[in-house]
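See below for the structure under consideration.
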Amino acid sequence: MSRVSRRLRSLPLNPHRILIAKAHELSRKGFKVYDFTAGQPGLPPSKEALEYFLEMVRKDPFKHFRYMPTQGLAELREAVAQDLNKYGGINISANQILITTGGAEALYLSTLALLDEGDGILILDPSYSVYWDLAKVLGLRIETCRQSFENEFNPDPECIKEKLGVKARAVLFASPDNPTSRVIKEDVAKTIVEVARERRAWIIYDVAYKHLVYEGEHVWIEKYDPALENTIVCGSFSKDIAIPGGRLGYIYGPMDVIPELVKLKGIFGIVAPVPMQWFAYYYLAQGFKEKYLREVLPVYKRRRDVAYEAFKKLFPEARLHKPRASMYLFPDVGTYLNDMKLNDVEFTLKLAESKAVVMLPGSIFGEAGSGYLRITFVTMNENEIIEGFKLMREFIDEKQSKTT
Ligand SMILES: Cc1ncc(COP(=O)(O)O)c(C=O)c1O
């Protein structure tokens with residue numbers, strides 16, 4: 001009999017964490033690991049920004065390591081407000097921003113603040129695996145709308161109309177997306193905002209990848225709800241300024257909800273990591289972010305191109321969209337899995353053990369992801385990406401020769 005809460009007993013360990021741990025374990029054992037798992041930035045944070053930060057810390061260590069008010073560093077909140085205006089033409093005040101311990105906490109606090117146990121939450125299937133666990137831990141009723149390959153992983157607006165505000169009090173989704181990398185279509189985004197407004201439902205919009213767009217543009221859903229009446233936006237500093245281990249993110253939303261979120265944040269960890277708040281502030285205020293993105297985006301784009309071409313060539317029977325944003329290839333490899341008589345979880349575990357090539361199974365992102373793989377294309381260089389795919393091809397050939 002488990003001694004932990006009922007809430008946790010019903011929550012199995014997500015294979016997401018198992019496979020990420022597997023990649024680390026193989027590497028510690030001395031294997032050359034081809035790690036396509038975590039959405040890690042492929043290049044370190046800006047050297048200039050780091051040097052500036054270290055100089056500031058040396059000058060005044062006390063200031064950089066003390067507690068500060070729960071809502072977060074005022075200078076950083078100002079800088080985020082200016083940044084949103086610069087990139088998206090968004091007009092919000094620094095008072096509408098709460099700095100969080102990563103985008104993941106932003107999602108958690110928003111969901112906890114807006115929904116009660118038993119409320120319905122609409123999750124697009126497939127979606128970031130944390131959404132499903134979050135909804136389960138909070139005792140929410142999960143409603144889904146499918147995102148199909150044929151529709152470039154956009155949800156059907158009719159499904160949104162059927163569920164949002166009727167069966168679900170909120171919709172939680174990301175654009176650019178994880179795991180599918182799709183950017184939401186403007187008309188779908190508009191429908192979501194209109195339905196939410198009409199039925200007084202919430203939109204929790206996750207923009208962790210908003211700067212990683214290679215073709216086209218990020219969809220600023222806020223422009224359809226400029227007063228942020230029904231919209232809460234959750235952002236992250238993990239991907240764009242490349243500090244995932246720094247654990248820093250932010251939320252902005254309606255003025256009446258922010259104090260409630262601050263109340264919650266006070267319980268969950270008091271305040272987001274203070275040295276990282278200063279670091280992010282310097283990054284934004286000194287122009288390091290813009291410069292860093294200018295350097296990094298072409299590198300990611302090249303890796304995306306190489307990964308896409310190599311995958312298409314080596315696995316011609318897979319269905320795959322060329323990602324226009326984010327960090328992931330999301331191929332449907334169902335034909336290969338059927339031939340090998342393996343499901344996606346079995347395949348990724350066996351591939352990791354046999355070739356030290358580690359990817360994530362699509363099914364951990366929802367039922368609709370079953371038969372797919374999530375492959376991060378930004379973390380390794382072009383040669384490693386190709387070598388990893390070749391080893392996967394080798395593995396499939398070995399398996400197929402055994403089953404035929
Ligand atoms: C869609 C999405 N949202 C949020 C996060 C969480 O990011 P953070 O590191 O800021 O907690 C991730 C992390 O990969 C993500 O993929």
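Residue numbering restarts at 1 in every chain; chains get A, B, ... in the order shown in the structure tokens, and ligands count up from 1 in that same order.
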Please identify every polymer residue within 6 Å of ligand 1, using only C-alpha atoms and all ligand atoms, and present the set as a compact mmCIF listing (two decimals) with N, CA and C atoms, in the first residue's frame.
# COMPACT_ATOMS: atom_id res chain seq x y z
N GLY A 39 14.40 19.10 -24.78
CA GLY A 39 14.39 20.33 -25.58
C GLY A 39 15.43 21.31 -25.09
N GLY A 102 10.65 29.03 -13.98
CA GLY A 102 10.49 28.30 -15.24
C GLY A 102 9.08 28.45 -15.79
N GLY A 103 8.99 28.16 -17.10
CA GLY A 103 7.68 28.17 -17.74
C GLY A 103 6.79 27.09 -17.15
N ALA A 104 7.40 26.00 -16.72
CA ALA A 104 6.62 24.88 -16.16
C ALA A 104 5.85 25.36 -14.92
N TYR A 128 2.34 18.87 -25.02
CA TYR A 128 3.47 18.74 -24.07
C TYR A 128 3.04 17.82 -22.92
N ALA A 174 0.11 25.33 -26.64
CA ALA A 174 1.35 26.03 -26.96
C ALA A 174 1.43 26.34 -28.45
N ASP A 177 4.56 24.75 -31.02
CA ASP A 177 4.15 23.62 -30.19
C ASP A 177 5.30 22.66 -29.88
N ASN A 178 5.09 21.97 -28.79
CA ASN A 178 5.89 20.80 -28.43
C ASN A 178 4.87 19.71 -28.19
N ASP A 206 0.83 29.01 -23.95
CA ASP A 206 2.22 28.69 -23.63
C ASP A 206 3.12 29.10 -24.81
N ALA A 208 6.61 29.19 -24.82
CA ALA A 208 8.01 28.88 -24.49
C ALA A 208 8.93 28.96 -25.73
N SER A 236 8.87 31.51 -21.05
CA SER A 236 10.03 30.81 -20.49
C SER A 236 11.31 31.50 -20.94
N PHE A 237 12.34 31.46 -20.11
CA PHE A 237 13.66 31.94 -20.53
C PHE A 237 14.58 30.77 -20.91
N SER A 238 14.00 29.55 -20.91
CA SER A 238 14.84 28.36 -21.12
C SER A 238 15.35 28.24 -22.55
N PRO A 244 17.93 26.84 -19.47
CA PRO A 244 16.91 25.92 -18.93
C PRO A 244 17.19 25.52 -17.48
N ARG A 247 16.07 27.92 -14.51
CA ARG A 247 14.68 27.84 -14.06
C ARG A 247 14.03 29.20 -13.93
N LEU A 248 13.77 29.80 -15.06
CA LEU A 248 13.14 31.11 -15.04
C LEU A 248 12.08 31.24 -16.14
N GLY A 249 10.92 31.75 -15.76
CA GLY A 249 9.85 31.98 -16.71
C GLY A 249 9.01 33.15 -16.23
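Residue-level DSSP output for region 222-341 of chain A, from the backbone, shows strand (DSSP E) at Thr231, Ile232, Val233, Cys234, Gly235, Ser236, Gly249, Tyr250, Ile251, Tyr252, Tyr328 and Leu329 of chain A.
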With C-alpha atoms retained, export the selected residues as a PDB file, in the first residue's frame.
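File written: out_22.pdb
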ATOM      1  CA  THR A 231      -5.917  35.206 -21.662  1.00  0.00           C
ATOM      2  CA  ILE A 232      -2.978  34.244 -19.505  1.00  0.00           C
ATOM      3  CA  VAL A 233       0.342  33.902 -21.279  1.00  0.00           C
ATOM      4  CA  CYS A 234       3.086  31.647 -19.909  1.00  0.00           C
ATOM      5  CA  GLY A 235       6.624  32.316 -21.086  1.00  0.00           C
ATOM      6  CA  SER A 236      10.033  30.809 -20.486  1.00  0.00           C
ATOM      7  CA  GLY A 249       9.849  31.981 -16.714  1.00  0.00           C
ATOM      8  CA  TYR A 250       7.020  34.468 -16.463  1.00  0.00           C
ATOM      9  CA  ILE A 251       3.266  34.932 -16.627  1.00  0.00           C
ATOM     10  CA  TYR A 252       1.261  37.905 -17.780  1.00  0.00           C
ATOM     11  CA  TYR A 328      11.367  19.003 -32.876  1.00  0.00           C
ATOM     12  CA  LEU A 329      10.806  16.647 -35.768  1.00  0.00           C
TER      13      LEU A 329
END
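Minimum atom-to-atom distances from A:Val4, A:Leu351, A:Met340, A:Ala135 to Leu109 (chain A) were compared using only C-alpha atoms, and the lowest value belongs to A:Ala135.
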**Request:** Excluding Glu222 (chain A) and residues on its chain fewer than 2 positions from it, collect all residues at most 9 Å away from it, counting only C-alpha atoms, and give them as an MDAnalysis selection string.
**Result:** chainID A and resid 90 193 219:220 224:228 231:233
Got time to write the residues from that selection, N, CA and C atoms, as a short mmCIF file (atom, residue, chain, number, x, y, z; two decimals), in the first residue's frame?
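Saved result, part_35.cif, follows:
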data_model
loop_
_atom_site.label_atom_id
_atom_site.label_comp_id
_atom_site.auth_asym_id
_atom_site.auth_seq_id
_atom_site.Cartn_x
_atom_site.Cartn_y
_atom_site.Cartn_z
N ILE A 90 2.93 44.31 -28.06
CA ILE A 90 2.01 44.09 -26.94
C ILE A 90 2.19 45.21 -25.91
N VAL A 193 -9.98 32.61 -29.34
CA VAL A 193 -10.19 33.84 -28.56
C VAL A 193 -11.68 34.23 -28.57
N VAL A 219 2.54 33.58 -33.48
CA VAL A 219 1.19 34.12 -33.40
C VAL A 219 0.96 34.70 -32.00
N TRP A 220 0.86 36.02 -31.96
CA TRP A 220 0.62 36.73 -30.69
C TRP A 220 -0.89 36.74 -30.47
N TYR A 224 -5.64 39.56 -30.26
CA TYR A 224 -7.09 39.39 -30.40
C TYR A 224 -7.81 39.63 -29.07
N ASP A 225 -7.04 39.70 -27.98
CA ASP A 225 -7.60 39.97 -26.66
C ASP A 225 -6.66 40.97 -25.96
N PRO A 226 -6.58 42.19 -26.53
CA PRO A 226 -5.54 43.13 -26.06
C PRO A 226 -5.66 43.49 -24.59
N ALA A 227 -6.87 43.46 -24.05
CA ALA A 227 -7.02 43.80 -22.62
C ALA A 227 -6.73 42.58 -21.75
N LEU A 228 -6.39 41.48 -22.39
CA LEU A 228 -6.12 40.22 -21.68
C LEU A 228 -7.26 39.87 -20.71
N THR A 231 -7.16 35.85 -21.23
CA THR A 231 -5.92 35.21 -21.66
C THR A 231 -4.82 35.36 -20.62
N ILE A 232 -4.17 34.23 -20.35
CA ILE A 232 -2.98 34.24 -19.50
C ILE A 232 -1.86 33.68 -20.37
N VAL A 233 -0.76 34.38 -20.45
CA VAL A 233 0.34 33.90 -21.28
C VAL A 233 1.48 33.42 -20.38
#
**Asked** So which residues of region 185-300 of chain A fall under helix (DSSP H, G or I) by DSSP, listed as an NGL selection string?
**Response** :A and (186-199 or 221-224 or 244-246 or 258-267 or 274-285 or 288-300)
**Message:** Applying 12 Å and only C-alpha atoms, which residues near Thr191 (chain A) remain after dropping the ones on its own chain fewer than 6 positions away? List them as a list in words.
**Reply:** Pro155, Asp156, Pro157, Glu158, Cys159, Ile160, Lys161, Glu162, Leu164, Ile184, Lys185, Arg197, Glu198, Ile203, Ile221, Tyr224 and Asp225 of chain A
**Complete:** Restricting to only C-alpha atoms, whichever of A:Lys167, A:Arg302, A:His16, A:Arg6 is closest to Ala201 (chain A) is A:Lys167
**Contacts of Tyr131 (chain A) within 9 Å, only C-alpha atoms, excl. fewer than 6 positions in-chain, as JSON, numbers by chain** = {"A": [107, 108, 123, 172, 173, 365]}
**Request:** Name all residues at most 10 Å from Ile386 (chain A) (count only C-alpha atoms; drop same-chain ones fewer than 4 positions away) and give them as a list in words.
**Result:** Tyr34, Val306, Ala307, Glu309, Ala310, Phe311, Leu314, Met380, Asn381, Glu382, Lys390, Leu391 and Met392 of chain A
Using 6 Å as the limit and counting only C-alpha atoms, can you tabulate each residue of region 83-181 of chain A that touches region 253-277 of chain A, with its shortest atom-to-atom distance in Å and the two atoms involved, as JSON lines?
{"residue": "A:Gln96", "atom": "CA", "partner": "A:Met255", "partner_atom": "CA", "distance": 5.7}
{"residue": "A:Thr100", "atom": "CA", "partner": "A:Ala272", "partner_atom": "CA", "distance": 5.1}
{"residue": "A:Thr101", "atom": "CA", "partner": "A:Ala272", "partner_atom": "CA", "distance": 4.7}
**Message:** Can you tell me which residues surround region 353-363 of chain A at a distance of at most 6 Å, considering only C-alpha atoms, apart from same-chain residues fewer than 6 positions away, and format the answer as a list in words?
**Reply:** Val33, Tyr34, Asp35, Phe36, Thr37, Asp344, Val345, Gly369, Ser370, Tyr372, Leu373, Arg374 and Ile375 of chain A
**Prompt:** In Å to one decimal, how far is CA of Gly165 (chain A) from CA of Val195 (chain A)?
**Reply:** 7.4 Å
**Message:** From the options A:Ala318, A:Pro45, A:Lys301, A:Ser326, which residue's atoms come nearest to Gly246 (chain A), counting only C-alpha atoms?
**Reply:**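 Going through A:Ala318, A:Pro45, A:Lys301, A:Ser326 one by one, the smallest distance to Gly246 (chain A) is for A:Pro45.
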**Message:** I need the residue nearest Gly216 (chain A) from this list: A:Val171, A:Lys289, A:Lys239, A:Pro323. Use only C-alpha atoms for the distance.
**Reply:**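 Nearest candidate to Gly216 (chain A) out of A:Val171, A:Lys289, A:Lys239, A:Pro323: A:Pro323.
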